[in-house]
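Report on the structure given below.
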Amino acid sequence: MDLTAGERQSPLWRRLLENFEHQRDILRAKNDGPHDAATTADIRGRIAVYKALIALDNDPIKVS
């Protein structure tokens, strides 16, 4: 999925992006603590989801 330049500039997207980044940062800080392997994997998976959502803000890669 790619967002258009206009979609990436919408006020709603900017607010969502800010929230995604905030939630990712919270999870990264949480991941720095001591956890068992399952909890660490869960946190890392959730971080990966937020990173994928944040990546929607990037220009699409053109494949020729």
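Going by the structure tokens order, chains are called A, B, ..., each with residues numbered from 1, while ligands are numbered from 1 in the order shown.
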
Subject >> Shell around Ile47 of chain A at 9 Å using only C-alpha atoms, local window under 2 positions removed, as an MDAnalysis selection string >> reply: chainID A and resid 23:25 27:28 42:45 49:52

Subject >> Members of chain A assigned helix (DSSP H, G or I) by DSSP, as JSON, numbers by chain >> reply: {"A": [5, 6, 7, 8, 11, 12, 13, 14, 15, 16, 17, 18, 19, 20, 21, 22, 23, 24, 25, 26, 27, 28, 29, 30, 31, 37, 38, 39, 40, 41, 42, 43, 44, 45, 46, 47, 48, 49, 50, 51, 52, 53, 54, 55]}

Mind writing the picked residues with N, CA and C atoms as a compact mmCIF listing (two decimals), in the first residue's frame?
# COMPACT_ATOMS: atom_id res chain seq x y z
N ALA A 5 1.09 11.74 -2.15
CA ALA A 5 1.70 12.89 -1.47
C ALA A 5 0.64 13.69 -0.73
N GLY A 6 -0.51 13.83 -1.33
CA GLY A 6 -1.60 14.57 -0.69
C GLY A 6 -2.10 13.88 0.57
N GLU A 7 -2.21 12.57 0.53
CA GLU A 7 -2.64 11.82 1.71
C GLU A 7 -1.63 11.95 2.83
N ARG A 8 -0.35 11.94 2.47
CA ARG A 8 0.70 12.05 3.50
C ARG A 8 0.75 13.43 4.13
N PRO A 11 -3.97 16.45 7.60
CA PRO A 11 -3.86 16.61 9.06
C PRO A 11 -4.10 15.29 9.81
N LEU A 12 -5.03 14.49 9.33
CA LEU A 12 -5.29 13.21 9.99
C LEU A 12 -4.06 12.31 9.93
N TRP A 13 -3.45 12.20 8.76
CA TRP A 13 -2.26 11.35 8.64
C TRP A 13 -1.14 11.87 9.52
N ARG A 14 -0.95 13.18 9.60
CA ARG A 14 0.12 13.74 10.43
C ARG A 14 -0.10 13.37 11.89
N ARG A 15 -1.36 13.43 12.35
CA ARG A 15 -1.66 13.06 13.74
C ARG A 15 -1.44 11.56 13.97
N LEU A 16 -1.88 10.74 13.01
CA LEU A 16 -1.67 9.30 13.13
C LEU A 16 -0.17 8.97 13.17
N LEU A 17 0.59 9.60 12.28
CA LEU A 17 2.02 9.35 12.22
C LEU A 17 2.70 9.72 13.54
N GLU A 18 2.30 10.85 14.10
CA GLU A 18 2.86 11.26 15.38
C GLU A 18 2.56 10.22 16.46
N ASN A 19 1.34 9.70 16.45
CA ASN A 19 0.97 8.67 17.41
C ASN A 19 1.75 7.39 17.18
N PHE A 20 1.89 6.97 15.92
CA PHE A 20 2.65 5.76 15.61
C PHE A 20 4.08 5.88 16.12
N GLU A 21 4.71 7.02 15.88
CA GLU A 21 6.09 7.23 16.32
C GLU A 21 6.19 7.21 17.84
N HIS A 22 5.22 7.83 18.49
CA HIS A 22 5.20 7.86 19.96
C HIS A 22 5.06 6.44 20.53
N GLN A 23 4.12 5.67 19.98
CA GLN A 23 3.91 4.31 20.46
C GLN A 23 5.14 3.44 20.21
N ARG A 24 5.78 3.62 19.04
CA ARG A 24 7.02 2.87 18.75
C ARG A 24 8.10 3.20 19.77
N ASP A 25 8.23 4.48 20.10
CA ASP A 25 9.26 4.90 21.06
C ASP A 25 8.99 4.33 22.45
N ILE A 26 7.73 4.29 22.85
CA ILE A 26 7.36 3.70 24.14
C ILE A 26 7.75 2.22 24.17
N LEU A 27 7.43 1.52 23.09
CA LEU A 27 7.75 0.09 23.02
C LEU A 27 9.25 -0.14 23.00
N ARG A 28 10.00 0.72 22.31
CA ARG A 28 11.46 0.57 22.30
C ARG A 28 12.03 0.72 23.70
N ALA A 29 11.52 1.70 24.45
CA ALA A 29 11.99 1.90 25.82
C ALA A 29 11.61 0.70 26.69
N LYS A 30 10.40 0.19 26.49
CA LYS A 30 9.96 -0.99 27.25
C LYS A 30 10.83 -2.19 26.92
N ASN A 31 11.24 -2.32 25.68
CA ASN A 31 12.05 -3.46 25.25
C ASN A 31 13.44 -3.45 25.88
N ALA A 37 11.85 -14.39 26.74
CA ALA A 37 11.95 -14.42 25.28
C ALA A 37 10.61 -14.15 24.61
N ALA A 38 9.53 -14.68 25.16
CA ALA A 38 8.21 -14.49 24.54
C ALA A 38 7.77 -13.03 24.61
N THR A 39 8.01 -12.39 25.73
CA THR A 39 7.63 -10.97 25.87
C THR A 39 8.47 -10.11 24.95
N THR A 40 9.76 -10.40 24.88
CA THR A 40 10.64 -9.65 23.99
C THR A 40 10.18 -9.80 22.54
N ALA A 41 9.83 -11.01 22.14
CA ALA A 41 9.36 -11.24 20.78
C ALA A 41 8.06 -10.48 20.52
N ASP A 42 7.17 -10.45 21.50
CA ASP A 42 5.91 -9.72 21.36
C ASP A 42 6.19 -8.23 21.17
N ILE A 43 7.04 -7.67 22.00
CA ILE A 43 7.36 -6.24 21.90
C ILE A 43 8.00 -5.94 20.55
N ARG A 44 8.95 -6.76 20.13
CA ARG A 44 9.61 -6.54 18.84
C ARG A 44 8.63 -6.63 17.68
N GLY A 45 7.67 -7.54 17.78
CA GLY A 45 6.65 -7.66 16.74
C GLY A 45 5.78 -6.42 16.67
N ARG A 46 5.42 -5.89 17.82
CA ARG A 46 4.61 -4.68 17.85
C ARG A 46 5.40 -3.49 17.32
N ILE A 47 6.69 -3.42 17.63
CA ILE A 47 7.54 -2.36 17.09
C ILE A 47 7.57 -2.47 15.56
N ALA A 48 7.68 -3.68 15.05
CA ALA A 48 7.73 -3.89 13.59
C ALA A 48 6.45 -3.39 12.92
N VAL A 49 5.31 -3.59 13.56
CA VAL A 49 4.05 -3.10 13.00
C VAL A 49 4.06 -1.58 12.91
N TYR A 50 4.48 -0.92 13.99
CA TYR A 50 4.53 0.54 13.96
C TYR A 50 5.54 1.04 12.92
N LYS A 51 6.67 0.35 12.79
CA LYS A 51 7.64 0.75 11.78
C LYS A 51 7.07 0.63 10.37
N ALA A 52 6.28 -0.40 10.13
CA ALA A 52 5.64 -0.57 8.81
C ALA A 52 4.64 0.54 8.56
N LEU A 53 3.88 0.91 9.57
CA LEU A 53 2.93 2.02 9.41
C LEU A 53 3.66 3.34 9.17
N ILE A 54 4.72 3.58 9.89
CA ILE A 54 5.51 4.80 9.73
C ILE A 54 6.13 4.86 8.34
N ALA A 55 6.53 3.71 7.82
CA ALA A 55 7.14 3.65 6.49
C ALA A 55 6.18 4.10 5.38
